[in-house]
2 protein chains.
Amino acid sequence: MKSVKVFAPATIGNIGPGFDVLGLAVDGLGDFVEAREIPGHKLVIEDIFNADHDISTNPDKNTAAIAANEILRMFNIRKGIGLIITKGLPSGSGLGGSASSAAAGAVAINELCNGGLSNDQLIQAAMKGEAYVSGGYFADNIAPSILGGATLTQSINPLKVLKLGSIDELIIILITPKIQILTKDSRDVLPKNISRSAFIENMANTASITAAFCNNDYSLLKDNLRDLAIEPYRSKFIPGFDKVKIAALDSGADGMAISGSGPTVFAITNSKKKAKIIEREMVHEFNNHGIECNMLITVPSKSGTRIIKAN
Amino acid sequence: MKSVKVFAPATIGNIGPGFDVLGLAVDGLGDFVEAREIPGHKLVIEDIFNADHDISTNPDKNTAAIAANEILRMFNIRKGIGLIITKGLPSGSGLGGSASSAAAGAVAINELCNGGLSNDQLIQAAMKGEAYVSGGYFADNIAPSILGGATLTQSINPLKVLKLGSIDELIIILITPKIQILTKDSRDVLPKNISRSAFIENMANTASITAAFCNNDYSLLKDNLRDLAIEPYRSKFIPGFDKVKIAALDSGADGMAISGSGPTVFAITNSKKKAKIIEREMVHEFNNHGIECNMLITVPSKSGTRIIKAN
């Protein structure tokens with residue numbers, strides 16, 4: 001019987017100011033989904049490894065399985081499939097964990113059915129999976145996890161997603177404080193309206209980041225992570241946020257922002273030496289607030305979701 | 001005595017959704033400023049040609065002269081200079097007329113003083129000139145008029161402006177209804193707050209337009225001129241706006257928006273044949289509302305403000 005194993009990278013939703021618009025795949029973290037043909041006509045979840053909380057094995061309540069079933073629906077195929085999910089991403093971390101599982105589920109089944117679906121179809125199927133946990137249709141994690149690099153969601157309906165490219169110089173310091181925020185909760189606090197000045201600055205910064213990734217130019221990313229529209233509301237969920245940001249900038253970071261809905265925060269630099277200092281100071285500040293952290297110094301993932309084993 | 005004559009192109013402020021952020025220089029329209037050394041130690045306006053309304057010849061109340069004097073201040077020079085301004089742009093048209101005069105004034109004096117100022121300095125001087133008429137510091141017309149192509153104003157303070165490039169396929173249909181709107185008046189109606197959904201769509205569209213000009217890719221510009229944040233307020237000043245837009249889109253335009261604060265509107269296409277039909281239908285609709293128009297089918301101006309004669 002055929003089987004395929006897929007890896008989908010973690011992602012930074014929004015890349016600071018680009019709420020629901022920008023996203024970036026990062027190296028070294030992600031979720032795995034193995035899909036294999038089994039007897040019967042149903043998709044089942046055979047195992048979930050390394051989950052930090054209860055993830056449903058009911059295919060109707062599991063992001064990877066919902067995405068996988070959506071792909072089967074697109075192919076108009078019914079077959080027995082077993083999924084084995086290995087979580088590399090903690091849930092509710094702001095690193096796009098549910099999106100990565102959904103992306104991996106979609107791409108695995110596409111491969112198992114001999115491929116042929118477009119990136120847009122894969123993204124749409126994965127968005128259905130993520131919608132189950134996040135309560136809405138968003139592509140800012142799904143799109144970069146599938147396509148790699150930075151992506152721009154031009155529109156959701158109809159789906160139009162653009163791969164922007166990557167920035168060779170970019171080094172990312174990811175700090176995940178050990179507290180949990182659910183995407184849905186952090187969306188409930190969002191403001192209904194944005195002041196005109198925040199609107200203008202967020203647009204300018206989002207456009208600058210877009211140009212940075214189009215032109216592979218770190219200097220255009222630098223100083224443009226500032227988010228005046230959403231961060232003031234979401235940062236309240238992260239104890240010590242303001243001080244951690246000061247620590248990051250004081251130790252040489254060229255910007256710091258919340259990854260997606262948090263609590264992971266990320267800082268940027270183009271210096272390996274500075275990256276270690278920035279990481280140390282940010283963790284130190286979280287520790288001062290009694291919070292332990294996971295941390296990783298990484299770079300953009302130019303590759304998106306990929307097949308790592310197929311039999 | 002030395003003299004120099006300069007041309008500064010017309011500009012489309014905002015390029016649709018990018019309020020105060022994006023701008024685009026266009027071919028075939030603009031203002032001329034001739035600067036010549038004269039006896040004495042003062043800058044005077046010797047003549048203004050082709051003005052469609054009274055433009056002050058008082059150097060403290062004239063955009064070109066204010067910009068010119070700002071350049072002299074930067075050089076710390078006092079000398080006798082005569083300015084001759086030839087308006088190619090109607091005032092209050094939304095084609096950046098005051099910005100073009102200011103840009104031409106700044107660049108002419110820089111050249112007369114043997115050059116050496118940076119683009120940022122030229123833009124800053126010209127912004128001072130434009131501020132006199134518009135009541136605030138904006139670069140979305142000044143920057144493209146000086147640099148050419150499309151520009152992104154990353155920030156005003158400190159000034160950070162990025163030249164994005166141009167789009168070879170882009171054809172622009174400019175329609176200027178013969179009504180007048182002053183920038184200041186059209187800023188007074190702007191909303192203090194933007195809804196979150198308009199904020200997200202405008203950011204996505206502005207980022208798409210940015211990518212379009214970075215990548216010289218017309219397909220990314222197409223369908224992304226939509227401005228949900230500002231247009232609903234400013235379009236009220238333009239009789240028949242909604243119907244003109246329908247006429248433009250129905251006759252094949254890939255988008256239509258207000259140029260700057262209006263009343264000029266612009267539609268886009270990549271087909272010369274369609275451009276003529278779109279122009280005709282838009283003008284027809286304005287005429288139906290009892291409004292005469294000036295019209296021009298043009299393309300982006302890759303060049304910004306340039307010296308056309310120097311003795």
# chains A, B, ... in the order shown; residues from 1 in each chain; ligands from 1
>>> select_by_dssp(residues="region 204-269 of chain A", states="alpha helix (DSSP H)", output="short mmCIF file (atom, residue, chain, number, x, y, z; two decimals) with N, CA and C atoms, in the first residue's frame")
data_model
loop_
_atom_site.label_atom_id
_atom_site.label_comp_id
_atom_site.auth_asym_id
_atom_site.auth_seq_id
_atom_site.Cartn_x
_atom_site.Cartn_y
_atom_site.Cartn_z
N ALA A 204 1.83 51.67 5.16
CA ALA A 204 3.18 51.99 4.71
C ALA A 204 4.15 50.88 5.10
N ASN A 205 4.01 50.38 6.33
CA ASN A 205 4.93 49.34 6.79
C ASN A 205 4.69 48.02 6.06
N THR A 206 3.43 47.69 5.84
CA THR A 206 3.10 46.46 5.11
C THR A 206 3.61 46.53 3.67
N ALA A 207 3.46 47.69 3.05
CA ALA A 207 3.97 47.87 1.69
C ALA A 207 5.50 47.79 1.68
N SER A 208 6.15 48.33 2.70
CA SER A 208 7.62 48.27 2.79
C SER A 208 8.10 46.83 2.93
N ILE A 209 7.41 46.06 3.77
CA ILE A 209 7.78 44.65 3.96
C ILE A 209 7.57 43.88 2.65
N THR A 210 6.49 44.19 1.96
CA THR A 210 6.23 43.57 0.66
C THR A 210 7.38 43.85 -0.30
N ALA A 211 7.79 45.13 -0.38
CA ALA A 211 8.91 45.49 -1.26
C ALA A 211 10.20 44.80 -0.80
N ALA A 212 10.38 44.68 0.51
CA ALA A 212 11.58 44.03 1.04
C ALA A 212 11.69 42.59 0.53
N PHE A 213 10.57 41.85 0.58
CA PHE A 213 10.60 40.45 0.13
C PHE A 213 10.63 40.34 -1.39
N CYS A 214 9.98 41.28 -2.09
CA CYS A 214 10.07 41.27 -3.57
C CYS A 214 11.50 41.51 -4.03
N ASN A 215 12.20 42.40 -3.33
CA ASN A 215 13.53 42.82 -3.77
C ASN A 215 14.67 42.13 -3.02
N TYR A 218 16.98 43.44 2.86
CA TYR A 218 16.77 43.51 4.31
C TYR A 218 16.54 44.93 4.80
N SER A 219 17.19 45.90 4.15
CA SER A 219 17.10 47.29 4.64
C SER A 219 15.66 47.81 4.60
N LEU A 220 14.83 47.24 3.73
CA LEU A 220 13.44 47.70 3.65
C LEU A 220 12.56 47.04 4.72
N LEU A 221 13.06 45.98 5.30
CA LEU A 221 12.31 45.28 6.35
C LEU A 221 12.58 45.94 7.70
N GLU A 231 -1.35 45.34 17.50
CA GLU A 231 -0.45 44.99 18.60
C GLU A 231 -0.88 45.55 19.96
N PRO A 232 -1.35 46.81 20.01
CA PRO A 232 -1.75 47.34 21.32
C PRO A 232 -2.81 46.49 22.02
N TYR A 233 -3.65 45.80 21.25
CA TYR A 233 -4.70 44.98 21.82
C TYR A 233 -4.20 43.58 22.17
N ARG A 234 -3.40 43.02 21.27
CA ARG A 234 -2.97 41.64 21.49
C ARG A 234 -1.82 41.53 22.48
N PHE A 241 5.35 42.16 27.70
CA PHE A 241 5.58 42.42 26.27
C PHE A 241 6.40 43.69 26.01
N ASP A 242 5.96 44.80 26.61
CA ASP A 242 6.63 46.08 26.32
C ASP A 242 8.11 46.04 26.73
N LYS A 243 8.37 45.41 27.88
CA LYS A 243 9.77 45.35 28.33
C LYS A 243 10.60 44.39 27.48
N VAL A 244 10.00 43.32 27.02
CA VAL A 244 10.71 42.38 26.15
C VAL A 244 11.06 43.09 24.83
N LYS A 245 10.15 43.93 24.36
CA LYS A 245 10.41 44.66 23.12
C LYS A 245 11.56 45.65 23.32
N ILE A 246 11.52 46.36 24.42
CA ILE A 246 12.63 47.30 24.70
C ILE A 246 13.95 46.53 24.78
N ALA A 247 13.91 45.36 25.45
CA ALA A 247 15.13 44.54 25.58
C ALA A 247 15.64 44.13 24.20
N ALA A 248 14.71 43.75 23.31
CA ALA A 248 15.11 43.32 21.96
C ALA A 248 15.74 44.49 21.19
N LEU A 249 15.08 45.63 21.21
CA LEU A 249 15.57 46.77 20.44
C LEU A 249 16.88 47.31 21.04
N ASP A 250 16.92 47.36 22.37
CA ASP A 250 18.15 47.84 23.03
C ASP A 250 19.34 46.93 22.75
#
>>> interface_residues(of="chain A", to="chain B", cutoff="10 Å", atoms="only C-alpha atoms", output="PDB file with C-alpha atoms, in the first residue's frame")
ATOM      1  CA  PRO A  17       1.824  45.196  10.610  1.00  0.00           C
ATOM      2  CA  GLY A  18       0.287  43.073   7.831  1.00  0.00           C
ATOM      3  CA  PHE A  19      -2.765  41.796   9.704  1.00  0.00           C
ATOM      4  CA  ASP A  20      -4.468  38.943   7.765  1.00  0.00           C
ATOM      5  CA  VAL A  21      -2.357  39.912   4.739  1.00  0.00           C
ATOM      6  CA  LEU A  22       1.292  38.860   5.188  1.00  0.00           C
ATOM      7  CA  LEU A 152       0.685  38.143   0.433  1.00  0.00           C
ATOM      8  CA  THR A 153      -3.004  37.265   0.678  1.00  0.00           C
ATOM      9  CA  GLN A 154      -4.498  39.573  -1.933  1.00  0.00           C
ATOM     10  CA  SER A 155      -8.017  38.347  -1.279  1.00  0.00           C
ATOM     11  CA  ILE A 156      -9.794  35.463   0.403  1.00  0.00           C
ATOM     12  CA  VAL A 161      -2.320  34.540  -2.894  1.00  0.00           C
ATOM     13  CA  LEU A 162       1.062  35.763  -4.053  1.00  0.00           C
ATOM     14  CA  LEU A 164       6.724  37.291  -2.510  1.00  0.00           C
ATOM     15  CA  LEU A 190      -9.535  43.081  18.078  1.00  0.00           C
ATOM     16  CA  PRO A 191     -10.717  46.654  17.582  1.00  0.00           C
ATOM     17  CA  LYS A 192     -13.666  47.184  15.231  1.00  0.00           C
ATOM     18  CA  ASN A 193     -12.082  50.396  13.951  1.00  0.00           C
ATOM     19  CA  ILE A 194      -8.545  51.563  13.290  1.00  0.00           C
ATOM     20  CA  SER A 195      -7.494  55.208  13.623  1.00  0.00           C
ATOM     21  CA  ARG A 196      -6.565  56.892  10.362  1.00  0.00           C
ATOM     22  CA  SER A 197      -2.975  57.464  11.475  1.00  0.00           C
ATOM     23  CA  ALA A 198      -2.509  53.780  12.432  1.00  0.00           C
ATOM     24  CA  PHE A 199      -4.153  52.796   9.135  1.00  0.00           C
ATOM     25  CA  ILE A 200      -1.648  54.886   7.167  1.00  0.00           C
ATOM     26  CA  GLU A 201       1.389  53.700   9.107  1.00  0.00           C
ATOM     27  CA  ASN A 202       0.376  50.039   8.947  1.00  0.00           C
ATOM     28  CA  MET A 203      -0.208  50.337   5.188  1.00  0.00           C
ATOM     29  CA  ALA A 204       3.185  51.993   4.705  1.00  0.00           C
ATOM     30  CA  ASN A 205       4.925  49.339   6.792  1.00  0.00           C
ATOM     31  CA  THR A 206       3.101  46.457   5.112  1.00  0.00           C
ATOM     32  CA  ALA A 207       3.975  47.866   1.688  1.00  0.00           C
ATOM     33  CA  SER A 208       7.618  48.269   2.789  1.00  0.00           C
ATOM     34  CA  ILE A 209       7.783  44.649   3.955  1.00  0.00           C
ATOM     35  CA  THR A 210       6.226  43.575   0.656  1.00  0.00           C
ATOM     36  CA  ALA A 211       8.906  45.493  -1.257  1.00  0.00           C
ATOM     37  CA  ALA A 212      11.577  44.027   1.042  1.00  0.00           C
ATOM     38  CA  PHE A 213      10.601  40.452   0.133  1.00  0.00           C
ATOM     39  CA  CYS A 214      10.068  41.272  -3.567  1.00  0.00           C
ATOM     40  CA  ASN A 215      13.533  42.824  -3.768  1.00  0.00           C
ATOM     41  CA  LEU A 220      13.437  47.698   3.650  1.00  0.00           C
ATOM     42  CA  ASP A 223      12.343  49.384  11.158  1.00  0.00           C
ATOM     43  CA  ASN A 224       9.091  48.486   9.411  1.00  0.00           C
ATOM     44  CA  ALA A 229      -3.316  48.849  14.719  1.00  0.00           C
ATOM     45  CA  ILE A 230      -3.481  45.420  16.334  1.00  0.00           C
TER      46      ILE A 230
END
>>> closest_residue(among="A:Leu225, A:Ile84, A:Leu296, A:Ile308", to="Arg36 (chain A)", atoms="only C-alpha atoms")
A:Ile84
>>> residues_around(residues="Gly97 (chain A)", least_positions_apart="5", cutoff="9 Å", atoms="only C-alpha atoms", output="JSON, numbers by chain")
{"A": [9, 10, 11, 30, 31, 87, 88, 89, 90, 91, 92, 102, 141]}
>>> select_by_dssp(residues="region 9-136 of chain B", states="strand (DSSP E)", output="ChimeraX atom specification")
/B:9-13,22-37,43-49,81-86
>>> residues_around(residues="Glu46 (chain A)", least_positions_apart="3", cutoff="9 Å", atoms="only C-alpha atoms", output="list in words")
Thr57, Gly82, Leu83, Ile84 and Ile85 of chain A
>>> residues_around(residues="Ser166 (chain B)", least_positions_apart="3", cutoff="8 Å", atoms="only C-alpha atoms", output="ChimeraX atom specification")
/B:149-150,213-214,216,300,302
>>> write_last_selection(atoms="all heavy atoms", output="compact mmCIF listing (two decimals), in the first residue's frame")
# COMPACT_ATOMS: atom_id res chain seq x y z
N GLY B 149 8.29 57.13 -11.85
CA GLY B 149 7.71 55.81 -11.56
C GLY B 149 6.78 55.86 -10.37
O GLY B 149 6.24 56.92 -10.02
N ALA B 150 6.59 54.70 -9.74
CA ALA B 150 5.77 54.64 -8.53
C ALA B 150 6.68 54.76 -7.32
O ALA B 150 7.82 54.29 -7.34
CB ALA B 150 4.99 53.33 -8.48
N PHE B 213 4.52 46.95 -8.88
CA PHE B 213 5.56 47.86 -9.38
C PHE B 213 6.97 47.32 -9.12
O PHE B 213 7.88 47.54 -9.92
CB PHE B 213 5.37 49.27 -8.80
CG PHE B 213 4.28 50.05 -9.49
CD1 PHE B 213 3.01 50.15 -8.95
CD2 PHE B 213 4.52 50.65 -10.73
CE1 PHE B 213 1.99 50.84 -9.61
CE2 PHE B 213 3.53 51.35 -11.40
CZ PHE B 213 2.24 51.44 -10.84
N CYS B 214 7.17 46.60 -8.03
CA CYS B 214 8.49 45.97 -7.79
C CYS B 214 8.80 44.95 -8.87
O CYS B 214 9.95 44.81 -9.29
CB CYS B 214 8.51 45.27 -6.43
SG CYS B 214 8.66 46.36 -5.01
N ASN B 216 7.26 44.68 -11.93
CA ASN B 216 6.85 45.08 -13.28
C ASN B 216 5.79 44.11 -13.81
O ASN B 216 5.91 43.55 -14.89
CB ASN B 216 8.09 45.11 -14.20
CG ASN B 216 7.78 45.76 -15.56
OD1 ASN B 216 6.64 46.09 -15.86
ND2 ASN B 216 8.81 45.93 -16.38
N PRO B 300 2.89 55.41 -17.29
CA PRO B 300 3.72 55.93 -16.21
C PRO B 300 4.92 56.71 -16.77
O PRO B 300 5.42 56.39 -17.86
CB PRO B 300 4.21 54.67 -15.48
CG PRO B 300 3.19 53.63 -15.80
CD PRO B 300 2.75 53.94 -17.20
N LYS B 302 8.60 57.12 -16.33
CA LYS B 302 9.73 56.49 -15.63
C LYS B 302 10.70 57.55 -15.09
O LYS B 302 11.41 57.33 -14.12
CB LYS B 302 10.48 55.54 -16.57
CG LYS B 302 9.67 54.29 -16.88
CD LYS B 302 10.49 53.30 -17.69
CE LYS B 302 9.62 52.12 -18.10
NZ LYS B 302 10.33 51.17 -18.94
>>> closest_residue(among="A:Glu37, A:Glu281, A:Glu130, A:Asp217", to="Gly252 (chain A)", atoms="only C-alpha atoms")
A:Glu281
>>> atom_distance(atom1="CA of Arg280 (chain B)", atom2="CA of His53 (chain B)")
27.8 Å
>>> atom_distance(atom1="CA of Ile291 (chain A)", atom2="CA of Pro239 (chain A)")
8.2 Å
>>> closest_residue(among="A:Thr264, A:Gln121, A:Asn294, A:Asn157", to="Ala67 (chain A)", atoms="only C-alpha atoms")
A:Gln121
>>> residues_around(residues="Lys178 (chain A)", least_positions_apart="2", cutoff="7 Å", atoms="only C-alpha atoms", output="list in words")
Thr176, Gln180, Ile291, Glu292 and Cys293 of chain A
>>> atom_distance(atom1="CA of Ala275 (chain B)", atom2="CA of Gly13 (chain B)")
20.8 Å
>>> decode(residues="region 114-129 of chain A", atoms="N, CA and C atoms", output="CSV table (one decimal), in the first residue's frame")
chain,number,residue,atom,x,y,z
A,114,ASN,N,-1.8,11.0,-6.4
A,114,ASN,CA,-1.0,11.3,-7.6
A,114,ASN,C,-1.0,12.7,-8.0
A,115,GLY,N,-1.3,13.6,-7.1
A,115,GLY,CA,-1.1,15.1,-7.3
A,115,GLY,C,-2.0,15.7,-8.3
A,116,GLY,N,-1.6,16.9,-8.8
A,116,GLY,CA,-2.4,17.5,-9.8
A,116,GLY,C,-3.2,18.7,-9.4
A,117,LEU,N,-3.4,18.9,-8.0
A,117,LEU,CA,-4.1,20.1,-7.6
A,117,LEU,C,-3.2,21.3,-7.6
A,118,SER,N,-3.8,22.4,-7.8
A,118,SER,CA,-3.0,23.7,-7.8
A,118,SER,C,-2.7,24.1,-6.4
A,119,ASN,N,-1.8,25.0,-6.3
A,119,ASN,CA,-1.5,25.6,-5.0
A,119,ASN,C,-2.7,26.2,-4.3
A,120,ASP,N,-3.5,26.9,-5.2
A,120,ASP,CA,-4.7,27.6,-4.7
A,120,ASP,C,-5.7,26.6,-4.1
A,121,GLN,N,-5.8,25.4,-4.8
A,121,GLN,CA,-6.7,24.4,-4.3
A,121,GLN,C,-6.2,23.8,-2.9
A,122,LEU,N,-4.9,23.6,-2.9
A,122,LEU,CA,-4.3,23.1,-1.6
A,122,LEU,C,-4.5,24.0,-0.5
A,123,ILE,N,-4.3,25.3,-0.8
A,123,ILE,CA,-4.5,26.4,0.2
A,123,ILE,C,-6.0,26.4,0.7
A,124,GLN,N,-6.9,26.3,-0.3
A,124,GLN,CA,-8.3,26.3,0.1
A,124,GLN,C,-8.7,25.1,1.0
A,125,ALA,N,-8.2,24.0,0.6
A,125,ALA,CA,-8.5,22.8,1.4
A,125,ALA,C,-7.9,23.0,2.9
A,126,ALA,N,-6.7,23.4,2.9
A,126,ALA,CA,-6.1,23.6,4.3
A,126,ALA,C,-6.8,24.7,5.1
A,127,MET,N,-7.3,25.7,4.4
A,127,MET,CA,-8.0,26.8,5.1
A,127,MET,C,-9.3,26.2,5.8
A,128,LYS,N,-9.9,25.2,5.1
A,128,LYS,CA,-11.1,24.6,5.7
A,128,LYS,C,-10.7,23.9,7.0
A,129,GLY,N,-9.5,23.3,7.0
A,129,GLY,CA,-9.0,22.6,8.2
A,129,GLY,C,-8.8,23.6,9.3
